[in-house]
file target35.tsv (TSV, C-alpha atoms)
chain	number	residue	atom	x	y	z
A	1	MET	CA	114.28	114.29	79.31
A	2	LYS	CA	112.49	115.63	76.26
A	3	LYS	CA	109.21	117.47	76.71
A	4	GLY	CA	107.25	114.72	74.90
A	5	SER	CA	108.85	112.01	77.03
A	6	CYS	CA	107.96	113.85	80.22
A	7	ALA	CA	104.38	114.29	79.07
A	8	SER	CA	104.12	110.59	78.18
A	9	LEU	CA	105.58	109.57	81.53
A	10	LEU	CA	103.20	111.91	83.36
A	11	CYS	CA	100.21	110.47	81.47
A	12	ALA	CA	101.31	106.93	82.27
A	13	LEU	CA	101.74	107.85	85.94
A	14	VAL	CA	98.26	109.37	86.08
A	15	VAL	CA	96.74	106.25	84.50
A	16	VAL	CA	98.56	103.99	86.96
A	17	VAL	CA	97.52	106.08	89.96
A	18	VAL	CA	93.88	106.08	88.80
A	19	VAL	CA	93.93	102.31	88.28
A	20	LEU	CA	95.63	101.79	91.62
A	21	ALA	CA	93.11	103.99	93.39
A	22	GLU	CA	90.25	101.90	92.04
A	23	ALA	CA	91.64	98.62	93.37
A	24	ARG	CA	89.77	97.07	96.23
A	25	VAL	CA	91.74	94.42	98.06
A	26	THR	CA	90.63	93.33	101.52
A	27	GLU	CA	93.26	92.10	103.97
A	28	ALA	CA	94.32	92.79	107.56
A	29	VAL	CA	96.00	96.02	106.44
A	30	THR	CA	94.10	98.55	104.39
A	31	CYS	CA	95.41	97.59	100.99
A	32	ASN	CA	95.64	100.60	98.75
A	33	PRO	CA	97.95	100.21	95.74
A	34	SER	CA	98.10	103.98	95.30
A	35	GLU	CA	100.14	103.99	98.52
A	36	LEU	CA	102.96	102.56	96.40
A	37	GLY	CA	102.94	105.69	94.21
A	38	PRO	CA	106.30	106.83	95.66
A	39	CYS	CA	107.77	103.57	94.28
A	40	LEU	CA	106.47	103.90	90.74
A	41	GLY	CA	109.65	105.46	89.37
A	42	ALA	CA	111.78	102.79	90.98
A	43	PHE	CA	109.46	100.02	89.75
A	44	THR	CA	109.42	101.27	86.16
A	45	SER	CA	112.90	102.71	85.64
A	46	GLY	CA	115.10	100.96	88.15
A	47	GLN	CA	116.03	104.15	89.98
A	48	ALA	CA	116.91	103.83	93.66
A	49	PRO	CA	113.86	103.80	95.93
A	50	SER	CA	113.29	106.74	98.24
A	51	ALA	CA	112.90	106.34	101.99
A	52	ASN	CA	109.21	107.12	101.51
A	53	CYS	CA	108.94	104.33	98.94
A	54	CYS	CA	110.54	101.84	101.35
A	55	ASN	CA	108.21	102.91	104.16
A	56	LYS	CA	105.16	102.50	101.95
A	57	LEU	CA	106.39	99.15	100.66
A	58	ARG	CA	106.79	97.90	104.24
A	59	GLU	CA	103.29	99.14	105.11
A	60	GLN	CA	101.78	97.39	102.10
A	61	LYS	CA	103.79	94.16	102.50
A	62	PRO	CA	100.74	92.10	103.59
A	63	CYS	CA	98.99	93.21	100.39
A	64	LEU	CA	101.71	92.32	97.89
A	65	CYS	CA	100.33	88.86	97.02
A	66	GLY	CA	97.00	90.44	96.19
A	67	TYR	CA	98.71	92.96	93.95
A	68	ILE	CA	100.80	90.25	92.27
A	69	LYS	CA	97.68	88.21	91.53
A	70	ASN	CA	95.87	91.23	90.09
A	71	PRO	CA	96.66	91.59	86.36
A	72	ASN	CA	96.35	95.38	86.62
A	73	PHE	CA	99.23	95.59	89.10
A	74	SER	CA	101.31	92.46	88.60
A	75	LYS	CA	103.46	93.93	85.84
A	76	TYR	CA	104.62	96.60	88.29
A	77	VAL	CA	105.00	94.68	91.53
A	78	ASN	CA	106.27	91.48	89.90
A	79	SER	CA	108.91	93.14	87.72
A	80	PRO	CA	112.67	92.67	88.14
A	81	ASN	CA	112.93	96.33	89.17
A	82	ALA	CA	110.27	95.84	91.86
A	83	ARG	CA	112.22	92.88	93.19
A	84	LYS	CA	115.33	95.08	93.38
A	85	VAL	CA	113.33	97.76	95.20
A	86	GLY	CA	112.07	95.19	97.69
A	87	SER	CA	115.57	93.91	98.27
A	88	THR	CA	116.95	97.43	98.72
A	89	CYS	CA	114.13	98.24	101.16
A	90	GLY	CA	114.54	94.98	103.08
A	91	VAL	CA	111.13	93.67	102.03
A	92	PRO	CA	111.47	90.08	100.80
A	93	PHE	CA	109.52	89.11	97.71
A	94	PRO	CA	106.44	87.20	98.89
A	95	LYS	CA	105.81	83.55	98.13
A	96	CYS	CA	102.14	83.58	97.18
call {"tool": "encode", "arguments": {"input": "target35.tsv", "output": "structure tokens"}}
result
Amino acid sequence: MKKGSCASLLCALVVVVVVLAEARVTEAVTCNPSELGPCLGAFTSGQAPSANCCNKLREQKPCLCGYIKNPNFSKYVNSPNARKVGSTCGVPFPKC
């Protein structure tokens, strides 16, 4: 990847992590969108999810509807790539 592309991707990642860290969703599990940070590459580029991503996705499964309904996160967790990640990780897409 070119140096400029890496810098742009890094900036985008930092913005997403900051936005995710500021989310406050209350459910039975402690919902923290930044926990899905290991999945960001898979959500945005379609790369295969890591084992860590799958573990985090399973942990945050009860929170997914809240993320989908939140306009700050829905474009990531409701994307075709995110659906592929969920399928690969064995986490069915929620019906909210």
call {"tool": "closest_residue", "arguments": {"input": "target35.tsv", "among": "A:Pro38, A:Pro94, A:Pro33, A:Gly46", "to": "Asn78 (chain A)", "atoms": "only C-alpha atoms"}}
result
A:Pro94
call {"tool": "closest_residue", "arguments": {"input": "target35.tsv", "among": "A:Cys63, A:Cys96, A:Leu57, A:Val85", "to": "Gly41 (chain A)", "atoms": "all atoms listed in the file"}}
result
A:Val85
call {"tool": "atom_distance", "arguments": {"input": "target35.tsv", "atom1": "CA of Pro71 (chain A)", "atom2": "CA of Cys53 (chain A)"}}
result
21.7 Å
call {"tool": "axis_aligned_box", "arguments": {"input": "target35.tsv", "around": "region 70-89 of chain A", "padding_each_side": "6 Å", "output": "lines of an AutoDock Vina configuration file"}}
result
center_x = 106.4
center_y = 94.7
center_z = 93.5
size_x = 33.1
size_y = 19.0
size_z = 27.3
call {"tool": "atom_distance", "arguments": {"input": "target35.tsv", "atom1": "CA of Asn70 (chain A)", "atom2": "CA of Ala48 (chain A)"}}
result
24.8 Å
call {"tool": "atom_distance", "arguments": {"input": "target35.tsv", "atom1": "CA of Val29 (chain A)", "atom2": "CA of Gln47 (chain A)"}}
result
27.2 Å
call {"tool": "closest_residue", "arguments": {"input": "target35.tsv", "among": "A:Lys56, A:Pro49, A:Thr44, A:Glu35", "to": "Ser87 (chain A)", "atoms": "all atoms listed in the file"}}
result
A:Pro49
call {"tool": "closest_residue", "arguments": {"input": "target35.tsv", "among": "A:Cys39, A:Lys84, A:Ser74, A:Lys69", "to": "Asn52 (chain A)", "atoms": "all atoms listed in the file"}}
result
A:Cys39
call {"tool": "closest_residue", "arguments": {"input": "target35.tsv", "among": "A:Cys65, A:Gly37, A:Ser45, A:Ser50", "to": "Pro80 (chain A)", "atoms": "all atoms listed in the file"}}
result
A:Ser45
call {"tool": "decode", "arguments": {"input": "target35.tsv", "residues": "region 82-95 of chain A", "atoms": "all heavy atoms", "output": "PDB file, in the first residue's frame"}}
result
ATOM      1  N   ALA A  82     -19.594  -6.971   6.669  1.00  0.00           N
ATOM      2  CA  ALA A  82     -19.871  -7.346   8.059  1.00  0.00           C
ATOM      3  C   ALA A  82     -20.748  -8.585   8.108  1.00  0.00           C
ATOM      4  O   ALA A  82     -20.562  -9.455   8.969  1.00  0.00           O
ATOM      5  CB  ALA A  82     -20.536  -6.196   8.794  1.00  0.00           C
ATOM      6  N   ARG A  83     -21.665  -8.685   7.184  1.00  0.00           N
ATOM      7  CA  ARG A  83     -22.506  -9.895   7.122  1.00  0.00           C
ATOM      8  C   ARG A  83     -21.660 -11.127   6.806  1.00  0.00           C
ATOM      9  O   ARG A  83     -21.880 -12.199   7.368  1.00  0.00           O
ATOM     10  CB  ARG A  83     -23.616  -9.714   6.092  1.00  0.00           C
ATOM     11  CG  ARG A  83     -24.674  -8.721   6.542  1.00  0.00           C
ATOM     12  CD  ARG A  83     -25.696  -8.470   5.441  1.00  0.00           C
ATOM     13  NE  ARG A  83     -26.642  -7.451   5.837  1.00  0.00           N
ATOM     14  CZ  ARG A  83     -27.898  -7.688   6.183  1.00  0.00           C
ATOM     15  NH1 ARG A  83     -28.360  -8.922   6.177  1.00  0.00           N
ATOM     16  NH2 ARG A  83     -28.696  -6.707   6.529  1.00  0.00           N
ATOM     17  N   LYS A  84     -20.680 -10.960   5.910  1.00  0.00           N
ATOM     18  CA  LYS A  84     -19.772 -12.071   5.586  1.00  0.00           C
ATOM     19  C   LYS A  84     -18.940 -12.451   6.811  1.00  0.00           C
ATOM     20  O   LYS A  84     -18.719 -13.635   7.075  1.00  0.00           O
ATOM     21  CB  LYS A  84     -18.845 -11.693   4.428  1.00  0.00           C
ATOM     22  CG  LYS A  84     -19.522 -11.610   3.099  1.00  0.00           C
ATOM     23  CD  LYS A  84     -18.528 -11.200   2.018  1.00  0.00           C
ATOM     24  CE  LYS A  84     -19.226 -10.837   0.735  1.00  0.00           C
ATOM     25  NZ  LYS A  84     -18.311 -10.298  -0.263  1.00  0.00           N
ATOM     26  N   VAL A  85     -18.480 -11.450   7.543  1.00  0.00           N
ATOM     27  CA  VAL A  85     -17.694 -11.702   8.753  1.00  0.00           C
ATOM     28  C   VAL A  85     -18.536 -12.486   9.750  1.00  0.00           C
ATOM     29  O   VAL A  85     -18.087 -13.482  10.314  1.00  0.00           O
ATOM     30  CB  VAL A  85     -17.184 -10.382   9.385  1.00  0.00           C
ATOM     31  CG1 VAL A  85     -16.592 -10.628  10.751  1.00  0.00           C
ATOM     32  CG2 VAL A  85     -16.175  -9.713   8.466  1.00  0.00           C
ATOM     33  N   GLY A  86     -19.765 -12.041   9.956  1.00  0.00           N
ATOM     34  CA  GLY A  86     -20.660 -12.742  10.871  1.00  0.00           C
ATOM     35  C   GLY A  86     -20.874 -14.182  10.455  1.00  0.00           C
ATOM     36  O   GLY A  86     -20.823 -15.101  11.290  1.00  0.00           O
ATOM     37  N   SER A  87     -21.087 -14.386   9.179  1.00  0.00           N
ATOM     38  CA  SER A  87     -21.290 -15.745   8.668  1.00  0.00           C
ATOM     39  C   SER A  87     -20.045 -16.597   8.874  1.00  0.00           C
ATOM     40  O   SER A  87     -20.133 -17.740   9.334  1.00  0.00           O
ATOM     41  CB  SER A  87     -21.647 -15.668   7.178  1.00  0.00           C
ATOM     42  OG  SER A  87     -21.784 -16.953   6.647  1.00  0.00           O
ATOM     43  N   THR A  88     -18.885 -16.038   8.568  1.00  0.00           N
ATOM     44  CA  THR A  88     -17.622 -16.759   8.749  1.00  0.00           C
ATOM     45  C   THR A  88     -17.397 -17.109  10.217  1.00  0.00           C
ATOM     46  O   THR A  88     -16.909 -18.187  10.537  1.00  0.00           O
ATOM     47  CB  THR A  88     -16.439 -15.914   8.223  1.00  0.00           C
ATOM     48  OG1 THR A  88     -16.648 -15.644   6.838  1.00  0.00           O
ATOM     49  CG2 THR A  88     -15.114 -16.628   8.405  1.00  0.00           C
ATOM     50  N   CYS A  89     -17.786 -16.196  11.104  1.00  0.00           N
ATOM     51  CA  CYS A  89     -17.577 -16.392  12.545  1.00  0.00           C
ATOM     52  C   CYS A  89     -18.700 -17.204  13.199  1.00  0.00           C
ATOM     53  O   CYS A  89     -18.642 -17.488  14.387  1.00  0.00           O
ATOM     54  CB  CYS A  89     -17.467 -15.040  13.241  1.00  0.00           C
ATOM     55  SG  CYS A  89     -15.999 -14.093  12.789  1.00  0.00           S
ATOM     56  N   GLY A  90     -19.731 -17.529  12.430  1.00  0.00           N
ATOM     57  CA  GLY A  90     -20.844 -18.275  13.004  1.00  0.00           C
ATOM     58  C   GLY A  90     -21.772 -17.429  13.857  1.00  0.00           C
ATOM     59  O   GLY A  90     -22.451 -17.938  14.750  1.00  0.00           O
ATOM     60  N   VAL A  91     -21.812 -16.130  13.586  1.00  0.00           N
ATOM     61  CA  VAL A  91     -22.689 -15.213  14.303  1.00  0.00           C
ATOM     62  C   VAL A  91     -23.761 -14.757  13.306  1.00  0.00           C
ATOM     63  O   VAL A  91     -23.471 -13.974  12.413  1.00  0.00           O
ATOM     64  CB  VAL A  91     -21.919 -13.987  14.857  1.00  0.00           C
ATOM     65  CG1 VAL A  91     -22.857 -13.013  15.537  1.00  0.00           C
ATOM     66  CG2 VAL A  91     -20.818 -14.437  15.787  1.00  0.00           C
ATOM     67  N   PRO A  92     -24.983 -15.264  13.460  1.00  0.00           N
ATOM     68  CA  PRO A  92     -26.031 -14.883  12.500  1.00  0.00           C
ATOM     69  C   PRO A  92     -26.365 -13.404  12.592  1.00  0.00           C
ATOM     70  O   PRO A  92     -26.299 -12.804  13.666  1.00  0.00           O
ATOM     71  CB  PRO A  92     -27.236 -15.745  12.906  1.00  0.00           C
ATOM     72  CG  PRO A  92     -26.965 -16.158  14.309  1.00  0.00           C
ATOM     73  CD  PRO A  92     -25.472 -16.149  14.507  1.00  0.00           C
ATOM     74  N   PHE A  93     -26.717 -12.819  11.454  1.00  0.00           N
ATOM     75  CA  PHE A  93     -27.092 -11.424  11.427  1.00  0.00           C
ATOM     76  C   PHE A  93     -28.397 -11.266  12.198  1.00  0.00           C
ATOM     77  O   PHE A  93     -29.355 -12.001  11.970  1.00  0.00           O
ATOM     78  CB  PHE A  93     -27.253 -10.944   9.973  1.00  0.00           C
ATOM     79  CG  PHE A  93     -27.324  -9.460   9.850  1.00  0.00           C
ATOM     80  CD1 PHE A  93     -26.171  -8.703   9.901  1.00  0.00           C
ATOM     81  CD2 PHE A  93     -28.540  -8.825   9.705  1.00  0.00           C
ATOM     82  CE1 PHE A  93     -26.225  -7.323   9.801  1.00  0.00           C
ATOM     83  CE2 PHE A  93     -28.608  -7.447   9.610  1.00  0.00           C
ATOM     84  CZ  PHE A  93     -27.447  -6.693   9.654  1.00  0.00           C
ATOM     85  N   PRO A  94     -28.452 -10.321  13.121  1.00  0.00           N
ATOM     86  CA  PRO A  94     -29.648 -10.203  13.977  1.00  0.00           C
ATOM     87  C   PRO A  94     -30.845  -9.658  13.217  1.00  0.00           C
ATOM     88  O   PRO A  94     -30.716  -8.888  12.269  1.00  0.00           O
ATOM     89  CB  PRO A  94     -29.209  -9.216  15.056  1.00  0.00           C
ATOM     90  CG  PRO A  94     -28.150  -8.401  14.424  1.00  0.00           C
ATOM     91  CD  PRO A  94     -27.440  -9.323  13.451  1.00  0.00           C
ATOM     92  N   LYS A  95     -32.014 -10.070  13.664  1.00  0.00           N
ATOM     93  CA  LYS A  95     -33.273  -9.508  13.150  1.00  0.00           C
ATOM     94  C   LYS A  95     -33.755  -8.532  14.220  1.00  0.00           C
ATOM     95  O   LYS A  95     -34.246  -8.943  15.259  1.00  0.00           O
ATOM     96  CB  LYS A  95     -34.287 -10.611  12.908  1.00  0.00           C
ATOM     97  CG  LYS A  95     -33.855 -11.550  11.804  1.00  0.00           C
ATOM     98  CD  LYS A  95     -34.844 -12.667  11.584  1.00  0.00           C
ATOM     99  CE  LYS A  95     -34.299 -13.577  10.500  1.00  0.00           C
ATOM    100  NZ  LYS A  95     -35.095 -14.777  10.340  1.00  0.00           N
TER     101      LYS A  95
END
